[in-house]
file final33.cif (mmCIF, C-alpha atoms)
data_work
#
loop_
_atom_site.group_PDB
_atom_site.id
_atom_site.type_symbol
_atom_site.label_atom_id
_atom_site.label_comp_id
_atom_site.auth_asym_id
_atom_site.auth_seq_id
_atom_site.Cartn_x
_atom_site.Cartn_y
_atom_site.Cartn_z
ATOM 1 C CA MET A 1 18.423 -53.130 -19.731
ATOM 2 C CA LYS A 2 15.821 -52.319 -22.390
ATOM 3 C CA ARG A 3 13.230 -51.834 -19.673
ATOM 4 C CA LEU A 4 15.509 -49.399 -17.838
ATOM 5 C CA LEU A 5 16.075 -47.372 -21.028
ATOM 6 C CA LYS A 6 12.336 -47.347 -21.670
ATOM 7 C CA TYR A 7 11.609 -45.969 -18.184
ATOM 8 C CA LEU A 8 14.390 -43.399 -18.476
ATOM 9 C CA SER A 9 13.031 -42.138 -21.804
ATOM 10 C CA ILE A 10 9.503 -41.884 -20.363
ATOM 11 C CA PHE A 11 10.848 -40.016 -17.336
ATOM 12 C CA ALA A 12 12.813 -37.625 -19.587
ATOM 13 C CA CYS A 13 9.687 -36.906 -21.669
ATOM 14 C CA LEU A 14 7.693 -36.148 -18.533
ATOM 15 C CA VAL A 15 10.350 -33.755 -17.249
ATOM 16 C CA VAL A 16 10.422 -31.888 -20.582
ATOM 17 C CA ALA A 17 6.606 -31.744 -20.756
ATOM 18 C CA LEU A 18 6.221 -30.485 -17.199
ATOM 19 C CA SER A 19 8.899 -27.833 -17.567
ATOM 20 C CA SER A 20 7.174 -26.395 -20.648
ATOM 21 C CA CYS A 21 3.894 -26.036 -18.724
ATOM 22 C CA ASP A 22 5.449 -23.274 -16.625
ATOM 23 C CA ASP A 23 4.622 -20.597 -19.214
ATOM 24 C CA TYR A 24 0.904 -21.354 -18.971
ATOM 25 C CA LEU A 25 0.565 -20.767 -15.232
ATOM 26 C CA GLU A 26 -1.193 -17.425 -15.302
ATOM 27 C CA GLU A 27 -2.114 -17.030 -11.649
ATOM 28 C CA GLU A 28 1.090 -18.147 -9.953
ATOM 29 C CA THR A 29 3.453 -15.321 -9.031
ATOM 30 C CA ARG A 30 6.981 -16.469 -8.281
ATOM 31 C CA LYS A 31 9.551 -15.207 -5.812
ATOM 32 C CA ASN A 32 11.292 -12.949 -8.361
ATOM 33 C CA GLU A 33 8.003 -11.486 -9.606
ATOM 34 C CA TYR A 34 5.256 -9.219 -8.308
ATOM 35 C CA THR A 35 1.488 -8.936 -8.575
ATOM 36 C CA ILE A 36 0.215 -5.506 -9.646
ATOM 37 C CA TRP A 37 -3.293 -4.080 -9.220
ATOM 38 C CA TYR A 38 -4.505 -1.231 -11.438
ATOM 39 C CA ASN A 39 -7.441 0.589 -9.819
ATOM 40 C CA VAL A 40 -9.768 3.085 -11.521
ATOM 41 C CA THR A 41 -12.666 4.968 -9.902
ATOM 42 C CA TYR A 42 -14.823 7.565 -11.649
ATOM 43 C CA SER A 43 -17.114 9.794 -9.617
ATOM 44 C CA THR A 44 -19.885 11.017 -11.853
ATOM 45 C CA THR A 45 -23.620 11.403 -12.228
ATOM 46 C CA TYR A 46 -23.571 10.146 -15.834
ATOM 47 C CA ASP A 47 -24.303 6.699 -17.229
ATOM 48 C CA PHE A 48 -20.860 5.278 -18.015
ATOM 49 C CA HIS A 49 -22.065 2.484 -20.272
ATOM 50 C CA ASN A 50 -18.905 1.518 -22.237
ATOM 51 C CA ILE A 51 -17.443 5.011 -22.632
ATOM 52 C CA ALA A 52 -14.505 4.727 -20.226
ATOM 53 C CA TYR A 53 -11.278 3.093 -21.390
ATOM 54 C CA ILE A 54 -8.348 1.780 -19.391
ATOM 55 C CA SER A 55 -4.895 0.882 -20.664
ATOM 56 C CA PHE A 56 -2.532 -1.127 -18.466
ATOM 57 C CA THR A 57 0.706 -3.097 -18.704
ATOM 58 C CA SER A 58 0.523 -6.885 -18.716
ATOM 59 C CA PHE A 59 3.080 -9.620 -19.354
ATOM 60 C CA PHE A 60 0.732 -12.195 -20.828
ATOM 61 C CA ASP A 61 -0.534 -12.833 -24.309
ATOM 62 C CA SER A 62 -4.244 -12.248 -23.688
ATOM 63 C CA GLU A 63 -5.275 -14.536 -26.554
ATOM 64 C CA SER A 64 -3.280 -17.645 -25.661
ATOM 65 C CA PHE A 65 -2.976 -16.895 -21.911
ATOM 66 C CA LYS A 66 0.724 -17.556 -22.202
ATOM 67 C CA TYR A 67 3.304 -15.719 -20.099
ATOM 68 C CA THR A 68 5.597 -13.772 -22.422
ATOM 69 C CA GLY A 69 7.741 -11.788 -20.001
ATOM 70 C CA ARG A 70 7.457 -8.814 -22.380
ATOM 71 C CA PRO A 71 5.373 -5.753 -21.502
ATOM 72 C CA THR A 72 2.199 -5.282 -23.513
ATOM 73 C CA GLN A 73 -0.345 -2.472 -23.131
ATOM 74 C CA LEU A 74 -3.857 -3.889 -22.988
ATOM 75 C CA LEU A 75 -6.862 -1.655 -23.652
ATOM 76 C CA ARG A 76 -10.142 -2.473 -21.944
ATOM 77 C CA GLN A 77 -13.527 -0.779 -22.094
ATOM 78 C CA ILE A 78 -15.395 -0.666 -18.791
ATOM 79 C CA ASP A 79 -19.084 -0.610 -18.055
ATOM 80 C CA GLY A 80 -19.528 1.238 -14.804
ATOM 81 C CA THR A 81 -17.517 3.671 -12.770
ATOM 82 C CA LYS A 82 -15.173 1.504 -10.715
ATOM 83 C CA THR A 83 -12.936 -1.416 -11.601
ATOM 84 C CA TYR A 84 -9.540 -2.951 -11.096
ATOM 85 C CA PHE A 85 -7.282 -5.155 -13.180
ATOM 86 C CA ARG A 86 -4.702 -7.567 -11.827
ATOM 87 C CA ALA A 87 -1.411 -8.384 -13.537
ATOM 88 C CA ASP A 88 0.353 -11.471 -12.228
ATOM 89 C CA ARG A 89 3.979 -12.432 -12.775
ATOM 90 C CA VAL A 90 5.281 -8.899 -13.282
ATOM 91 C CA PRO A 91 9.076 -9.290 -13.386
ATOM 92 C CA LYS A 92 11.311 -7.279 -11.118
ATOM 93 C CA GLY A 93 12.719 -4.164 -12.780
ATOM 94 C CA ALA A 94 9.697 -3.843 -15.104
ATOM 95 C CA HIS A 95 8.113 -0.516 -16.031
ATOM 96 C CA VAL A 96 4.302 -0.546 -15.727
ATOM 97 C CA GLU A 97 1.796 2.061 -16.814
ATOM 98 C CA LEU A 98 -1.894 2.771 -16.241
ATOM 99 C CA SER A 99 -3.998 5.294 -18.114
ATOM 100 C CA THR A 100 -7.674 6.049 -18.567
ATOM 101 C CA TYR A 101 -9.939 8.326 -20.569
ATOM 102 C CA VAL A 102 -13.605 8.876 -21.381
ATOM 103 C CA ASP A 103 -14.520 8.609 -25.058
ATOM 104 C CA VAL A 104 -16.834 11.610 -25.436
ATOM 105 C CA LYS A 105 -16.492 14.858 -27.412
ATOM 106 C CA ASP A 106 -16.478 17.217 -24.425
ATOM 107 C CA ALA A 107 -15.494 16.682 -20.814
ATOM 108 C CA LEU A 108 -18.379 15.602 -18.623
ATOM 109 C CA PRO A 109 -19.004 18.190 -15.896
ATOM 110 C CA ASN A 110 -18.675 17.035 -12.285
ATOM 111 C CA THR A 111 -16.766 13.956 -13.394
ATOM 112 C CA LYS A 112 -13.525 13.115 -11.647
ATOM 113 C CA VAL A 113 -11.289 10.072 -11.829
ATOM 114 C CA GLU A 114 -8.818 8.539 -9.419
ATOM 115 C CA ILE A 115 -6.313 5.921 -10.554
ATOM 116 C CA SER A 116 -3.723 4.011 -8.583
ATOM 117 C CA ILE A 117 -1.161 1.242 -8.909
ATOM 118 C CA GLU A 118 -0.631 -1.197 -6.054
ATOM 119 C CA ILE A 119 2.154 -3.764 -5.790
ATOM 120 C CA SER A 120 2.318 -6.986 -3.809
ATOM 121 C CA LYS A 121 5.159 -7.967 -1.599
ATOM 122 C CA LYS A 122 7.900 -9.751 -3.494
ATOM 123 C CA GLY A 123 6.628 -13.119 -4.656
ATOM 124 C CA GLY A 124 3.301 -12.661 -2.958
ATOM 125 C CA ASP A 125 -0.294 -11.734 -3.419
ATOM 126 C CA LEU A 126 -1.821 -9.707 -0.586
ATOM 127 C CA PRO A 127 -1.204 -7.396 1.204
ATOM 128 C CA SER A 128 -0.340 -4.766 -1.355
ATOM 129 C CA THR A 129 1.141 -1.282 -1.152
ATOM 130 C CA GLU A 130 -0.053 1.715 -3.146
ATOM 131 C CA VAL A 131 2.928 3.048 -5.135
ATOM 132 C CA ALA A 132 1.374 5.557 -7.547
ATOM 133 C CA LYS A 133 -1.836 7.585 -7.496
ATOM 134 C CA ALA A 134 -3.391 10.464 -9.449
ATOM 135 C CA THR A 135 -6.713 12.287 -9.694
ATOM 136 C CA ALA A 136 -8.103 14.524 -12.413
ATOM 137 C CA ASP A 137 -11.236 15.971 -13.933
ATOM 138 C CA CYS A 138 -12.825 14.036 -16.791
ATOM 139 C CA PRO A 139 -9.864 12.904 -18.985
ATOM 140 C CA LEU A 140 -10.543 12.788 -22.736
ATOM 141 C CA LYS A 141 -9.031 10.535 -25.400
ATOM 142 C CA ASP A 142 -6.500 13.147 -26.563
ATOM 143 C CA ASN A 143 -5.334 13.780 -22.985
ATOM 144 C CA PRO A 144 -5.669 10.611 -20.864
ATOM 145 C CA LEU A 145 -4.741 10.489 -17.193
ATOM 146 C CA THR A 146 -1.568 8.369 -16.962
ATOM 147 C CA ILE A 147 0.646 7.125 -14.154
ATOM 148 C CA SER A 148 3.594 4.743 -14.183
ATOM 149 C CA TYR A 149 5.834 2.845 -11.803
ATOM 150 C CA ASP A 150 9.183 1.088 -11.980
ATOM 151 C CA VAL A 151 8.982 -2.231 -10.154
ATOM 152 C CA PRO A 152 11.907 -2.709 -7.749
ATOM 153 C CA ASN A 153 14.817 -4.706 -9.079
ATOM 154 C CA GLU A 154 15.320 -6.479 -5.753
#

call {"tool": "encode", "arguments": {"input": "final33.cif", "output": "structure tokens"}}
result
Amino acid sequence: MKRLLKYLSIFACLVVALSSCDDYLEEETRKNEYTIWYNVTYSTTYDFHNIAYISFTSFFDSESFKYTGRPTQLLRQIDGTKTYFRADRVPKGAHVELSTYVDVKDALPNTKVEISIEISKKGGDLPSTEVAKATADCPLKDNPLTISYDVPNE
């Protein structure tokens, strides 16, 4: 009988430990969640060394890599003219936003930007569907180019 209780308590501890690991699975999108891609492309003749900024919605604590389920705007500086960011485990019904700007005093001539948001199929990865897109001349810090999207609640 003592042996049976010992095995039951070990089994219960394992179940509790494994269920708490769920929050740390960053890459695994579930059936009631989506994967979002934020795409940014600048067309320019200038050296974009760390002057372009991108803000996007994520649902992870970027320091602990723990899924929070709460929207957080992350700000990233990019080196180059084209990039994308991926947000996994975006819950259905969430509001996501993408914005970008160039941190210079005056707009750079002949500089355009295109941004887009793509969403995966429900509970999947690829293929994705573009759901929001915008283009503009060189956006500055006081007037960033911003788009948003409401993830389906289905």

call {"tool": "atom_distance", "arguments": {"input": "final33.cif", "atom1": "CA of Tyr53 (chain A)", "atom2": "CA of Lys141 (chain A)"}}
result
8.7 Å

call {"tool": "closest_residue", "arguments": {"input": "final33.cif", "among": "A:Thr72, A:Thr35, A:Ser99, A:Ser64", "to": "Ala52 (chain A)", "atoms": "all atoms listed in the file"}}
result
A:Ser99

call {"tool": "closest_residue", "arguments": {"input": "final33.cif", "among": "A:Arg89, A:His95, A:Lys133, A:His49", "to": "Gln77 (chain A)", "atoms": "all atoms listed in the file"}}
result
A:His49

call {"tool": "resolve_selection", "arguments": {"input": "final33.cif", "expression": "the PyMOL selection byres ((chain A and resi 84) around 8)", "output": "list in words"}}
result
Trp37, Tyr38, Asn39, Val40, Lys82, Thr83, Phe85 and Arg86 of chain A

call {"tool": "closest_residue", "arguments": {"input": "final33.cif", "among": "A:Gly69, A:Ile54, A:Val102, A:Leu74", "to": "Ile147 (chain A)", "atoms": "all atoms listed in the file"}}
result
A:Ile54

call {"tool": "atom_distance", "arguments": {"input": "final33.cif", "atom1": "CA of Glu118 (chain A)", "atom2": "CA of Pro71 (chain A)"}}
result
17.2 Å

call {"tool": "atom_distance", "arguments": {"input": "final33.cif", "atom1": "CA of Lys31 (chain A)", "atom2": "CA of Gln73 (chain A)"}}
result
23.7 Å

call {"tool": "residues_around", "arguments": {"input": "final33.cif", "residues": "Arg70 (chain A)", "least_positions_apart": "6", "cutoff": "9 Å", "atoms": "all atoms listed in the file", "output": "number ranges by chain"}}
result
A: 58-60

call {"tool": "residues_around", "arguments": {"input": "final33.cif", "residues": "Glu154 (chain A)", "least_positions_apart": "3", "cutoff": "10 Å", "atoms": "all atoms listed in the file", "output": "PDB file with C-alpha atoms, keeping the file's coordinate frame"}}
result
ATOM      1  CA  ASN A  32      11.292 -12.949  -8.361  1.00  0.00           C
ATOM      2  CA  GLU A  33       8.003 -11.486  -9.606  1.00  0.00           C
ATOM      3  CA  LYS A  92      11.311  -7.279 -11.118  1.00  0.00           C
ATOM      4  CA  GLY A  93      12.719  -4.164 -12.780  1.00  0.00           C
ATOM      5  CA  LYS A 122       7.900  -9.751  -3.494  1.00  0.00           C
ATOM      6  CA  VAL A 151       8.982  -2.231 -10.154  1.00  0.00           C
TER       7      VAL A 151
END

call {"tool": "closest_residue", "arguments": {"input": "final33.cif", "among": "A:Val96, A:Ala87, A:Ala132, A:Leu140", "to": "Ile115 (chain A)", "atoms": "all atoms listed in the file"}}
result
A:Ala132

call {"tool": "closest_residue", "arguments": {"input": "final33.cif", "among": "A:Asn50, A:Thr41, A:Ser55, A:Thr68", "to": "Ala134 (chain A)", "atoms": "all atoms listed in the file"}}
result
A:Thr41

call {"tool": "resolve_selection", "arguments": {"input": "final33.cif", "expression": "the PyMOL selection byres ((chain A and resi 108) around 9)", "output": "PyMOL selection string"}}
result
chain A and resi 44+46+102+104+106-107+109-112+137-139
